[in-house]
$ cat coords-v5.csv   # CSV, C-alpha atoms
chain,number,residue,atom,x,y,z
A,1,MET,CA,28.6,12.9,4.5
A,2,ASN,CA,25.7,10.6,5.4
A,3,ASP,CA,27.1,7.1,6.1
A,4,MET,CA,24.5,5.3,4.0
A,5,SER,CA,24.9,7.6,1.0
A,6,TYR,CA,28.6,6.5,0.7
A,7,TYR,CA,28.1,2.8,1.7
A,8,LYS,CA,25.6,0.6,-0.1
A,9,ILE,CA,25.1,-1.9,2.6
A,10,SER,CA,24.6,-1.4,6.4
A,11,LEU,CA,27.2,-2.4,8.8
A,12,GLU,CA,25.0,-5.1,10.4
A,13,VAL,CA,24.4,-6.8,7.1
A,14,ALA,CA,28.1,-6.7,6.2
A,15,GLU,CA,29.1,-8.1,9.6
A,16,ALA,CA,26.5,-10.9,9.2
A,17,ASP,CA,27.9,-11.8,5.8
A,18,PHE,CA,31.5,-11.7,7.2
A,19,ASN,CA,30.5,-14.1,10.0
A,20,ARG,CA,28.8,-16.4,7.4
A,21,PHE,CA,32.1,-16.4,5.4
A,22,CYS,CA,34.2,-17.2,8.5
A,23,GLU,CA,31.9,-20.0,9.5
A,24,SER,CA,31.9,-21.7,6.1
A,25,MET,CA,35.6,-21.3,5.5
A,26,ALA,CA,36.6,-22.3,9.0
A,27,VAL,CA,38.3,-19.0,9.6
A,28,GLU,CA,39.4,-18.5,13.2
A,29,THR,CA,37.6,-15.5,14.8
A,30,ASP,CA,38.2,-16.0,18.5
A,31,LEU,CA,40.6,-13.2,19.4
A,32,ASP,CA,41.5,-15.0,22.7
A,33,ASN,CA,43.3,-17.7,20.7
A,34,MET,CA,45.4,-15.2,18.8
A,35,GLU,CA,48.7,-13.6,19.7
A,36,LYS,CA,48.7,-9.8,20.0
A,37,ASP,CA,50.2,-9.2,16.5
A,38,THR,CA,47.8,-11.6,14.9
A,39,GLN,CA,44.8,-10.0,16.8
A,40,LYS,CA,45.8,-6.6,15.4
A,41,ALA,CA,46.2,-7.9,11.9
A,42,PHE,CA,42.9,-9.8,12.0
A,43,LEU,CA,41.0,-6.7,13.1
A,44,GLU,CA,42.6,-4.6,10.4
A,45,ASN,CA,41.9,-7.1,7.7
A,46,LYS,CA,38.3,-7.5,9.0
A,47,CYS,CA,37.8,-3.8,8.7
A,48,ILE,CA,39.1,-3.7,5.1
A,49,VAL,CA,36.9,-6.7,4.2
A,50,ILE,CA,33.8,-5.3,5.8
A,51,LYS,CA,34.4,-1.9,4.2
A,52,ALA,CA,34.7,-3.6,0.8
A,53,MET,CA,31.5,-5.5,1.5
A,54,ARG,CA,29.7,-2.3,2.4
A,55,LEU,CA,30.8,-0.8,-0.9
A,56,LYS,CA,29.5,-3.9,-2.6
A,57,SER,CA,32.9,-4.8,-4.3
A,58,LEU,CA,33.1,-7.9,-2.1
A,59,ALA,CA,30.2,-10.3,-1.6
A,60,VAL,CA,29.7,-13.7,-0.1
A,61,ASN,CA,28.3,-16.3,-2.5
A,62,GLU,CA,26.0,-19.2,-1.8
A,63,SER,CA,28.9,-21.5,-0.9
A,64,GLY,CA,30.2,-18.9,1.6
A,65,GLU,CA,33.1,-17.9,-0.6
A,66,LEU,CA,34.1,-14.3,-1.1
A,67,GLU,CA,33.7,-12.8,-4.6
A,68,PHE,CA,35.7,-9.6,-5.3
A,69,THR,CA,35.0,-7.3,-8.2
A,70,PRO,CA,37.9,-4.9,-8.7
A,71,VAL,CA,37.0,-1.3,-8.5
A,72,ARG,CA,39.9,0.7,-9.9
A,73,SER,CA,41.7,-1.9,-12.0
A,74,ASP,CA,41.1,-2.3,-15.8
A,75,ASN,CA,40.1,-5.9,-15.6
A,76,LYS,CA,36.8,-5.9,-13.6
A,77,ALA,CA,36.1,-9.7,-13.9
A,78,LYS,CA,35.1,-11.3,-10.6
A,79,ILE,CA,37.7,-13.0,-8.5
A,80,THR,CA,36.4,-15.8,-6.3
A,81,PHE,CA,38.4,-16.8,-3.2
A,82,HIS,CA,38.2,-20.6,-2.5
A,83,GLU,CA,39.4,-22.2,0.7
A,84,PRO,CA,43.2,-22.8,0.5
A,85,THR,CA,44.2,-26.4,0.0
A,86,GLY,CA,47.4,-28.5,0.1
A,87,ALA,CA,48.1,-27.2,-3.4
A,88,THR,CA,48.2,-23.7,-2.0
A,89,LEU,CA,50.9,-24.7,0.4
A,90,MET,CA,52.9,-26.2,-2.5
A,91,ALA,CA,52.3,-23.3,-4.8
A,92,THR,CA,55.2,-21.3,-3.3
A,93,ASP,CA,57.7,-24.1,-3.6
A,94,GLY,CA,59.4,-22.6,-6.6
A,95,ALA,CA,59.8,-19.1,-5.3
A,96,SER,CA,62.7,-18.0,-3.0
A,97,LYS,CA,61.8,-16.8,0.5
A,98,ASN,CA,63.1,-13.3,-0.4
A,99,GLU,CA,60.5,-13.0,-3.2
A,100,SER,CA,57.6,-12.2,-0.9
A,101,MET,CA,55.4,-10.6,-3.5
A,102,LYS,CA,55.9,-13.4,-6.0
A,103,ARG,CA,55.1,-16.0,-3.3
A,104,MET,CA,52.0,-14.0,-2.3
A,105,ASN,CA,50.8,-13.8,-5.9
A,106,LYS,CA,51.3,-17.6,-6.3
A,107,VAL,CA,49.1,-18.2,-3.3
A,108,LEU,CA,46.5,-15.7,-4.5
A,109,ALA,CA,46.5,-17.3,-8.0
A,110,ASP,CA,46.0,-20.8,-6.5
A,111,VAL,CA,43.3,-19.8,-4.1
A,112,THR,CA,41.4,-17.9,-6.8
A,113,GLN,CA,42.1,-20.4,-9.6
A,114,THR,CA,43.4,-17.6,-11.8
A,115,ASN,CA,47.0,-16.7,-12.7
A,116,GLU,CA,49.7,-14.5,-11.0
A,117,LYS,CA,49.5,-11.9,-13.8
A,118,ARG,CA,45.9,-11.1,-12.7
A,119,PHE,CA,47.2,-9.8,-9.4
A,120,SER,CA,50.3,-8.1,-10.7
A,121,LEU,CA,48.0,-6.0,-12.9
A,122,LEU,CA,45.6,-5.0,-10.0
A,123,LYS,CA,45.7,-1.4,-8.8
A,124,LEU,CA,47.0,-1.0,-5.2
A,125,SER,CA,43.6,-0.4,-3.6
A,126,ASP,CA,42.2,-3.5,-5.2
A,127,TYR,CA,45.3,-5.6,-4.3
A,128,ARG,CA,44.9,-4.4,-0.7
A,129,VAL,CA,41.5,-6.0,-0.4
A,130,CYS,CA,42.8,-9.3,-1.9
A,131,LEU,CA,45.6,-9.3,0.6
A,132,ALA,CA,43.2,-8.7,3.5
A,133,VAL,CA,41.0,-11.6,2.3
A,134,ILE,CA,43.9,-14.1,2.0
A,135,SER,CA,45.3,-13.0,5.4
A,136,LEU,CA,42.0,-14.1,7.1
A,137,PHE,CA,42.9,-17.7,6.4
A,138,LEU,CA,45.4,-17.9,9.2
A,139,VAL,CA,43.2,-20.5,10.8
B,1,MET,CA,53.8,-2.4,1.3
B,2,LEU,CA,52.7,-5.3,3.4
B,3,GLY,CA,53.1,-3.0,6.4
B,4,SER,CA,51.2,-4.0,9.4
B,5,TYR,CA,49.5,-6.9,7.7
B,6,ILE,CA,50.3,-10.5,8.5
B,7,PRO,CA,49.6,-12.0,5.1
B,8,PHE,CA,49.2,-15.7,4.3
B,9,PHE,CA,52.7,-16.5,5.6
B,10,GLY,CA,52.0,-15.1,9.1
B,11,ILE,CA,51.6,-16.6,12.5
B,12,THR,CA,48.7,-19.1,12.8
B,13,THR,CA,46.8,-20.1,15.9
B,14,THR,CA,47.0,-23.8,15.1
B,15,LEU,CA,49.6,-25.7,17.2
B,16,LEU,CA,51.8,-28.7,16.3
B,17,VAL,CA,52.5,-31.5,18.7
B,18,ARG,CA,56.0,-31.4,20.2
B,19,HIS,CA,57.4,-33.5,23.1
B,20,GLY,CA,53.9,-34.7,24.1
B,21,VAL,CA,52.1,-31.4,24.2
B,22,ASP,CA,50.6,-28.8,21.8
B,23,GLU,CA,53.4,-26.3,21.2
B,24,ARG,CA,53.7,-22.9,19.5
B,25,LEU,CA,56.9,-22.8,17.5
B,26,ARG,CA,59.2,-19.9,18.3
B,27,GLU,CA,61.3,-18.1,15.8
B,28,ARG,CA,65.0,-19.0,16.2
B,29,VAL,CA,68.3,-18.5,14.5
B,30,VAL,CA,70.7,-21.4,14.3
B,31,GLY,CA,74.0,-20.3,12.8
B,32,THR,CA,73.0,-18.2,9.8
B,33,VAL,CA,69.7,-20.0,9.2
B,34,LEU,CA,66.4,-18.4,10.4
B,35,TYR,CA,63.7,-20.8,11.4
B,36,PRO,CA,60.3,-19.1,11.2
B,37,GLY,CA,58.0,-19.4,14.1
B,38,ASN,CA,54.4,-20.8,14.1
B,39,THR,CA,53.7,-19.6,10.6
B,40,LEU,CA,50.9,-21.0,8.4
B,41,PRO,CA,53.1,-22.7,5.7
B,42,VAL,CA,55.4,-24.3,8.3
B,43,VAL,CA,52.6,-25.6,10.5
B,44,TYR,CA,50.3,-26.7,7.8
B,45,CYS,CA,53.0,-28.4,5.6
B,46,GLU,CA,54.0,-30.5,8.6
B,47,MET,CA,50.4,-31.3,9.3
B,48,LEU,CA,49.8,-32.3,5.7
B,49,LEU,CA,52.8,-34.6,5.7
B,50,GLN,CA,51.7,-36.2,8.9
B,51,VAL,CA,48.2,-36.6,7.7
B,52,CYS,CA,49.4,-38.3,4.5
B,53,LYS,CA,51.5,-40.7,6.6
B,54,GLU,CA,48.7,-41.5,9.0
B,55,TYR,CA,45.8,-41.9,6.5
B,56,PRO,CA,47.0,-43.7,3.4
B,57,GLY,CA,43.5,-43.9,2.0
B,58,LEU,CA,43.1,-40.1,1.6
B,59,PRO,CA,42.5,-38.5,-1.8
B,60,ASP,CA,45.1,-36.3,-3.5
B,61,ALA,CA,46.7,-34.3,-0.8
B,62,ARG,CA,46.7,-31.2,-3.0
B,63,THR,CA,42.9,-31.1,-2.9
B,64,LEU,CA,42.6,-31.2,0.9
B,65,LYS,CA,41.4,-27.9,2.3
B,66,LEU,CA,43.2,-26.3,5.3
B,67,SER,CA,40.2,-27.1,7.6
B,68,GLU,CA,40.3,-30.8,6.4
B,69,ILE,CA,44.1,-31.0,7.1
B,70,LYS,CA,43.4,-29.6,10.6
B,71,PHE,CA,40.5,-32.1,11.1
B,72,PHE,CA,42.6,-35.1,10.1
B,73,TYR,CA,45.6,-33.9,12.1
B,74,ASP,CA,43.4,-33.4,15.2
B,75,GLY,CA,42.3,-37.0,14.7
B,76,CYS,CA,45.8,-38.3,15.4
B,77,ARG,CA,46.9,-35.6,17.8
B,78,ASN,CA,46.5,-37.7,21.0
B,79,GLU,CA,48.4,-40.5,19.4
B,80,LEU,CA,51.2,-38.1,18.4
B,81,LYS,CA,51.3,-36.8,21.9
B,82,LYS,CA,51.7,-40.3,23.3
B,83,TYR,CA,54.5,-41.2,21.0
B,84,SER,CA,56.4,-37.9,21.2
B,85,GLU,CA,56.4,-37.3,24.9
B,86,ASN,CA,59.7,-37.1,26.6
B,87,LYS,CA,60.2,-40.4,28.4
B,88,ASN,CA,63.2,-39.0,30.4
B,89,GLY,CA,60.8,-36.7,32.2

$ encode --input "coords-v5.csv" --output "structure tokens"
Amino acid sequence: MNDMSYYKISLEVAEADFNRFCESMAVETDLDNMEKDTQKAFLENKCIVIKAMRLKSLAVNESGELEFTPVRSDNKAKITFHEPTGATLMATDGASKNESMKRMNKVLADVTQTNEKRFSLLKLSDYRVCLAVISLFLV
Amino acid sequence: MLGSYIPFFGITTTLLVRHGVDERLRERVVGTVLYPGNTLPVVYCEMLLQVCKEYPGLPDARTLKLSEIKFFYDGCRNELKKYSENKNG
């Protein structure tokens, strides 16, 4: 299959958008500063994000924030990822450490200024993209 | 499902000041309690508390972005190093 018939955006454009997002959201991109596990995770997440950008489900807006349009889920309303704040750190206070998905959804809800239910109703492939985006904020 | 990802609660590259130097926290078990390593919530919660203490004029701490928390913490990093260094050598 021809690469450009599947993807809607070229790799170079998607990478430029990704760099613009990292710069405006103060996302650490220097692999030398990261531990081995973090490096691997960062590169995996970057791949997922760039692929979603090339498929046009993920885009960088004027403020440098990522906007995700779910592909497979019923609710296709746009989800905007803002930079995490002090409130994001406090969002997980109510959830026990063993409830990892609940904690993750609380973080996602705070960062996107939506509610947890929005993420529990997402299809797995859409949720995966959201997880990849939030994982990039390990500044 | 999270598999090989390190989600939001994973290891961060930002370091805290300990004993006069920037230090990466290591995961350790004391008794039955597991203390996580240099994870984002642990590091940034401590930075946020320190920043609130050092800069009383800051706006609502909940509105501070992670990059702002880091910026303000970096501002008092040298002072923290000075006061936390081990005087016994």

$ atom_distance --input "coords-v5.csv" --atom1 "atom CA of Glu85 of chain B" --atom2 "atom CA of Val29 of chain B"
24.6 Å

$ closest_residue --input "coords-v5.csv" --among "A:Ser10, A:Thr29, A:Ser24, A:Thr80" --to "Leu55 of chain A" --atoms "only C-alpha atoms"
A:Ser10

$ interface_residues --input "coords-v5.csv" --of "chain A" --to "chain B" --cutoff "7 Å" --atoms "all atoms listed in the file" --output "list in words"
Ala26, Asn33, Met34, Thr38, Ala41, Glu83, Pro84, Thr85, Gly86, Ala87, Leu89, Leu131, Ile134, Ser135, Phe137, Leu138 and Val139 of chain A

$ write_last_selection --input "coords-v5.csv" --atoms "C-alpha atoms" --output "PDB file, in the coordinates of the input"
ATOM      1  CA  ALA A  26      36.600 -22.300   9.000  1.00  0.00           C
ATOM      2  CA  ASN A  33      43.300 -17.700  20.700  1.00  0.00           C
ATOM      3  CA  MET A  34      45.400 -15.200  18.800  1.00  0.00           C
ATOM      4  CA  THR A  38      47.800 -11.600  14.900  1.00  0.00           C
ATOM      5  CA  ALA A  41      46.200  -7.900  11.900  1.00  0.00           C
ATOM      6  CA  GLU A  83      39.400 -22.200   0.700  1.00  0.00           C
ATOM      7  CA  PRO A  84      43.200 -22.800   0.500  1.00  0.00           C
ATOM      8  CA  THR A  85      44.200 -26.400   0.000  1.00  0.00           C
ATOM      9  CA  GLY A  86      47.400 -28.500   0.100  1.00  0.00           C
ATOM     10  CA  ALA A  87      48.100 -27.200  -3.400  1.00  0.00           C
ATOM     11  CA  LEU A  89      50.900 -24.700   0.400  1.00  0.00           C
ATOM     12  CA  LEU A 131      45.600  -9.300   0.600  1.00  0.00           C
ATOM     13  CA  ILE A 134      43.900 -14.100   2.000  1.00  0.00           C
ATOM     14  CA  SER A 135      45.300 -13.000   5.400  1.00  0.00           C
ATOM     15  CA  PHE A 137      42.900 -17.700   6.400  1.00  0.00           C
ATOM     16  CA  LEU A 138      45.400 -17.900   9.200  1.00  0.00           C
ATOM     17  CA  VAL A 139      43.200 -20.500  10.800  1.00  0.00           C
TER      18      VAL A 139
END

$ residues_around --input "coords-v5.csv" --residues "Leu31 of chain A" --least-positions-apart "3" --cutoff "10 Å" --atoms "all atoms listed in the file" --output "MDAnalysis selection string"
(chainID A and resid 28 34:36 38:40 42:43) or (chainID B and resid 13)

$ atom_distance --input "coords-v5.csv" --atom1 "atom CA of Cys47 of chain A" --atom2 "atom CA of Asn98 of chain A"
28.5 Å

$ closest_residue --input "coords-v5.csv" --among "B:Gly57, B:Asn38, B:Leu16, B:Thr32" --to "Tyr73 of chain B" --atoms "all atoms listed in the file"
B:Leu16

$ atom_distance --input "coords-v5.csv" --atom1 "atom CA of Ala91 of chain A" --atom2 "atom CA of Cys130 of chain A"
17.2 Å

$ build_atoms --input "coords-v5.csv" --residues "segment 14-31 of chain B" --atoms "N, CA and C atoms" --output "compact mmCIF listing (two decimals), keeping the file's coordinate frame"
# COMPACT_ATOMS: atom_id res chain seq x y z
N THR B 14 46.96 -22.33 15.00
CA THR B 14 47.00 -23.80 15.10
C THR B 14 48.37 -24.23 15.64
N LEU B 15 48.33 -25.24 16.51
CA LEU B 15 49.60 -25.70 17.20
C LEU B 15 49.96 -27.08 16.69
N LEU B 16 51.27 -27.33 16.69
CA LEU B 16 51.80 -28.70 16.30
C LEU B 16 52.10 -29.42 17.64
N VAL B 17 52.18 -30.74 17.54
CA VAL B 17 52.50 -31.50 18.70
C VAL B 17 54.07 -31.64 18.79
N ARG B 18 54.58 -31.30 19.94
CA ARG B 18 56.00 -31.40 20.20
C ARG B 18 56.21 -31.93 21.62
N HIS B 19 57.04 -32.93 21.81
CA HIS B 19 57.40 -33.50 23.10
C HIS B 19 56.11 -33.76 23.98
N GLY B 20 55.10 -34.30 23.35
CA GLY B 20 53.90 -34.70 24.10
C GLY B 20 52.88 -33.67 24.37
N VAL B 21 53.12 -32.46 23.92
CA VAL B 21 52.10 -31.40 24.20
C VAL B 21 51.94 -30.54 22.88
N ASP B 22 50.83 -29.78 22.87
CA ASP B 22 50.60 -28.80 21.80
C ASP B 22 51.57 -27.65 22.01
N GLU B 23 52.36 -27.30 21.01
CA GLU B 23 53.40 -26.30 21.20
C GLU B 23 53.36 -25.23 20.13
N ARG B 24 53.55 -23.97 20.53
CA ARG B 24 53.70 -22.90 19.50
C ARG B 24 55.14 -22.77 19.17
N LEU B 25 55.47 -22.91 17.90
CA LEU B 25 56.90 -22.80 17.50
C LEU B 25 57.37 -21.42 17.62
N ARG B 26 58.58 -21.28 18.12
CA ARG B 26 59.20 -19.90 18.30
C ARG B 26 60.20 -19.71 17.19
N GLU B 27 60.30 -18.46 16.77
CA GLU B 27 61.30 -18.10 15.80
C GLU B 27 62.68 -18.24 16.38
N ARG B 28 63.63 -18.85 15.65
CA ARG B 28 65.00 -19.00 16.20
C ARG B 28 65.99 -18.95 15.09
N VAL B 29 67.19 -18.58 15.46
CA VAL B 29 68.30 -18.50 14.50
C VAL B 29 69.31 -19.57 14.92
N VAL B 30 69.64 -20.47 14.00
CA VAL B 30 70.70 -21.40 14.30
C VAL B 30 71.79 -21.18 13.25
N GLY B 31 72.93 -20.67 13.72
CA GLY B 31 74.00 -20.30 12.80
C GLY B 31 73.52 -19.11 11.97
